[in-house]
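**Q** Please read through the structure below; I'll follow up with questions.
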Amino acid sequence: FIFFFLLLTLSPKPLQFSPKSSSETETDPSSPRSTMSKQTYRVCFCFRRRFRLAVAEAPDEIRGFFNRYSENGLMSADHLRRFLVEVQKQENATLEDAQAAINSLQELKHLNILHHHRGQSLNLETFFKYLFGDINPPIDLKRGVQQDMTAPLSHYFIYTGHNSYLTGNQLSSDCSDVPIIQALQRGVRVIELDIWPNSNKDGIEVLHGRTLTTPVELIKCLRSIKEHAFTASDYPVVITLEDHLTPDLQAKVAEMVTQTFGDILFCPDSDCLKEFPSPESLKKRIIISTKPPKEYMSAAVPKDAQEGDSQNGKTASDEEAWGKEVPHLEGPASGNDKEETEEDEDDDEEDPDEGVNRFQKSLAPEYRRLIAIHAGKPKGGMDECLKVDPEKVRRLSLSEQQLEKVAEDRGTDIVRFTQRNILRVYPKGTRITSSNYNPLIGWMHGAQMVAFNMQGFGRSLWLMHGMFKSNGGCGYVKKPDFLLKSGPNNEVFDPRATLPVKTTLKVRIYMGEGWYYDFRHTHFDQYSPPDFYTRVGIAGVPADVVMKKTKTIEDNWIPVWNEEFEFQLTVPELALLRLEVHEYDMSEKDDFGGQTVLPVSEIQSGIRAVPLHDREGKKYNNVKLLVHFDFV
């Protein structure tokens, strides 16, 4: 009895007796969108807590804009056009655009909030619904491809997968065509396949060699690629092959590839290209990229590879539920270099023209003809690797750790190399849980193919998803001019240089909604509504990287923060805006409430409804933030 008395009198949140169960909510049936007015939570066998549930209402600043751009409480199409031009910075907005926006809200008539004077005006509530609706996104994907697509492939960041056939971890998961299909449907343009002889040495399988992964037939992967290659984008798909075959099996691969893809397969006229063709010229084409294979060796796991995969006993449980914070780019990666490069698949590549490796056999001629983008790592160390040949272009692969090490003192050489050639960066071998690294280390040096494990999730992968929302989500993003051009003395962009502030982005987080509809009502807290806060920050070059957070709003499904954050950007072209919502938990780890990443270069100014996504990058049905973006 004393315990319950103290619970009643000392709790900072009022406790009331209620006949309702913890899952029940009092509602107003005349207001479907704001159905909740009170909600109760069971505290113990005879006590329940009742909370008044907020209704989504326009913040004061939104009311101010409405009053400024309306007359007698009504906003006409002309008023809305002025608002679009002056506040939303849509300089080309027409009266027809404004009228189309009003017409799109006709579906809200049943809520009795659309003014019925010939359907030509908005009242405050419909104006608020318009701003907080799907019709008002932060990035206009409907614009489609906006960038010049006629430059060489080396002028673009390309949406790139790593070990695209794996369904889970790098050691024991199944190999399948399903993750390949999912990647293509998301817009990924580079698919990696590791090809090995089957157990009878008479067929070809796709698997992660020297591991316990179960194989999938190569032909199944090829057919799935053909079927789904251009569902999300018409721009070319590159298949990078990690080849562990003998010449007779290479000939079989050549036959499979030729028969599967037919006329859509791009085969260059000469062995080596002097310049890469453009994405525009390769629309709906399949491109093969590989290096010369080594003699097939037994798939037994070497002792040193076993040691390299140990990851020092680190397990996935060490990571937060939504992934570790993205590591900074300052300084080399920590850890044992030997351990972390044992599995680097390209460490012992050789120049395809040299052919001096004692394990190497001649390439099947029909197989060689299929290779459009030649890969190889010449002898002679990094000097030879980064040498630019004016007569031919090629692809070079470096692990994330190799790139970080080389970038310490040769960052400009990497940038110069990537102006004509393609650089692929891949995860280090000890990422056995299919985690990822900071993609900015590759992008800021001009690397076109920053290869990621697409089957996982976490903050690094969210950055990848965010970057390729650019350019209509076509999978190709034009590199900034400063990564493509040289100065009068042949100088190029220095990723380590300190640069002046180029622009300032102001972000005001007004409020959020939608969790009540997309989550169980006890998902965040068994005994009260959630306590939400928002993390907002920038991923980009080191000078621009920062994370900030709002205050925590307690016991509210519709939190109102109304806080502004300012970000000074030295390289806005590579900056990504990060937004994450979490639910504060005093006793345990904070709960995840949604995330999104937006390319700063494509953010539309003004007040925008920002949809949030789950850990895997899937958009929630209702969860979103109302945010004001302003560039100064």
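Residue names in the structure tokens use chain letters A, B, ... in the order shown, residue numbers from 1 in each chain, and ligand numbers from 1 in the order shown.
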Please provide the set of residues having any atom within 12 Å of Val393 of chain A, restricted to only C-alpha atoms, with same-chain residues fewer than 5 positions apart removed, written as a count of residues only.
**A** 25
**Q** So which one's closest to Tyr584 of chain A, A:Val545, A:Leu625, A:Leu484, A:Pro529? Using only C-alpha atoms, please.
**A** A:Pro529
**Q** As an exercise, work out the distance from atom CA of Leu84 of chain A to atom CA of Gly606 of chain A in Å and give it to one decimal place.
**A**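 So the two atoms, atom CA of Leu84 of chain A and atom CA of Gly606 of chain A, lie 8.4 Å apart.
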**Q** Residues within 12 Å of Glu255 of chain A, please, as a ChimeraX atom specification. Count only C-alpha atoms; anything in the same chain fewer than 5 positions from it doesn't count.
**A** /A:204,218-219,222,248-250,260-262,364-370
**Q** Could you name the residues that touch Pro611 of chain A at 12 Å or less, counting only C-alpha atoms, but leaving out those on the same chain fewer than 5 positions away, as a ChimeraX atom specification?
**A** /A:132-139,512-515,579-581,593-598,617-627
**Q** Nearest to His79 of chain A: which of A:Asp97, A:Gly446, A:Ile441, A:Leu505 is it, counting only C-alpha atoms?
**A**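 Checking each of A:Asp97, A:Gly446, A:Ile441, A:Leu505 against His79 of chain A, counting only C-alpha atoms, the winner is A:Asp97.
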**Q** Would you kindly return, as a list in words, each protein, DNA or RNA residue with an atom no farther than 6 Å from any atom of segment 173-183 of chain A, considering only C-alpha atoms and excluding same-chain residues fewer than 5 positions away?
**A**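 After dropping sequence-adjacent residues, the list is Ser164, Tyr165, Leu166, Thr167, Gly168, Val188, Thr213, Thr214, Pro215, Val216 and Cys221 of chain A.
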**Q** With all heavy atoms retained, export the selected residues as a tab-separated table (two decimals), in the first residue's frame.
**A**
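Output saved as part_9.tsv:
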chain	number	residue	atom	x	y	z
A	164	SER	N	27.89	-8.78	-54.10
A	164	SER	CA	26.46	-8.48	-54.25
A	164	SER	C	25.55	-9.68	-54.08
A	164	SER	O	24.33	-9.53	-53.93
A	164	SER	CB	26.22	-7.87	-55.64
A	164	SER	OG	27.05	-6.75	-55.85
A	165	TYR	N	26.09	-10.88	-54.08
A	165	TYR	CA	25.32	-12.11	-54.04
A	165	TYR	C	25.07	-12.61	-52.61
A	165	TYR	O	24.32	-13.56	-52.40
A	165	TYR	CB	26.07	-13.20	-54.81
A	165	TYR	CG	27.53	-13.27	-54.41
A	165	TYR	CD1	27.94	-14.03	-53.32
A	165	TYR	CD2	28.49	-12.51	-55.08
A	165	TYR	CE1	29.25	-14.05	-52.91
A	165	TYR	CE2	29.81	-12.52	-54.68
A	165	TYR	CZ	30.19	-13.29	-53.60
A	165	TYR	OH	31.50	-13.29	-53.20
A	166	LEU	N	25.71	-12.01	-51.61
A	166	LEU	CA	25.60	-12.49	-50.23
A	166	LEU	C	24.32	-12.00	-49.57
A	166	LEU	O	23.96	-10.83	-49.69
A	166	LEU	CB	26.80	-12.05	-49.41
A	166	LEU	CG	28.12	-12.76	-49.69
A	166	LEU	CD1	29.25	-12.19	-48.83
A	166	LEU	CD2	28.01	-14.26	-49.47
A	167	THR	N	23.68	-12.89	-48.84
A	167	THR	CA	22.44	-12.52	-48.15
A	167	THR	C	22.70	-12.03	-46.73
A	167	THR	O	21.81	-11.47	-46.10
A	167	THR	CB	21.48	-13.73	-48.07
A	167	THR	OG1	22.16	-14.82	-47.40
A	167	THR	CG2	21.07	-14.18	-49.45
A	168	GLY	N	23.91	-12.25	-46.22
A	168	GLY	CA	24.21	-11.86	-44.84
A	168	GLY	C	25.69	-11.65	-44.64
A	168	GLY	O	26.33	-10.89	-45.38
A	188	VAL	N	21.32	0.41	-57.64
A	188	VAL	CA	22.75	0.07	-57.69
A	188	VAL	C	23.13	-0.27	-59.13
A	188	VAL	O	22.41	-0.98	-59.83
A	188	VAL	CB	23.06	-1.12	-56.76
A	188	VAL	CG1	24.49	-1.60	-56.94
A	188	VAL	CG2	22.81	-0.72	-55.30
A	213	THR	N	30.20	-20.02	-47.17
A	213	THR	CA	29.01	-19.55	-47.88
A	213	THR	C	28.54	-20.61	-48.87
A	213	THR	O	29.35	-21.26	-49.54
A	213	THR	CB	29.28	-18.23	-48.62
A	213	THR	OG1	30.41	-18.40	-49.49
A	213	THR	CG2	29.58	-17.11	-47.63
A	214	THR	N	27.22	-20.76	-48.98
A	214	THR	CA	26.66	-21.73	-49.93
A	214	THR	C	26.55	-21.10	-51.31
A	214	THR	O	26.10	-19.97	-51.44
A	214	THR	CB	25.27	-22.19	-49.46
A	214	THR	OG1	24.42	-21.06	-49.31
A	214	THR	CG2	25.36	-22.92	-48.14
A	215	PRO	N	26.92	-21.83	-52.37
A	215	PRO	CA	27.01	-21.21	-53.70
A	215	PRO	C	25.65	-21.06	-54.38
A	215	PRO	O	24.65	-21.66	-53.99
A	215	PRO	CB	27.89	-22.19	-54.48
A	215	PRO	CG	27.63	-23.52	-53.82
A	215	PRO	CD	27.41	-23.22	-52.37
A	216	VAL	N	25.65	-20.23	-55.42
A	216	VAL	CA	24.51	-20.09	-56.32
A	216	VAL	C	25.07	-20.17	-57.74
A	216	VAL	O	26.21	-19.77	-58.00
A	216	VAL	CB	23.77	-18.76	-56.09
A	216	VAL	CG1	24.68	-17.56	-56.31
A	216	VAL	CG2	22.54	-18.64	-56.99
A	221	CYS	N	22.32	-15.90	-61.56
A	221	CYS	CA	22.63	-14.51	-61.28
A	221	CYS	C	22.59	-13.66	-62.55
A	221	CYS	O	22.04	-12.55	-62.55
A	221	CYS	CB	24.01	-14.40	-60.62
A	221	CYS	SG	24.13	-15.17	-59.00
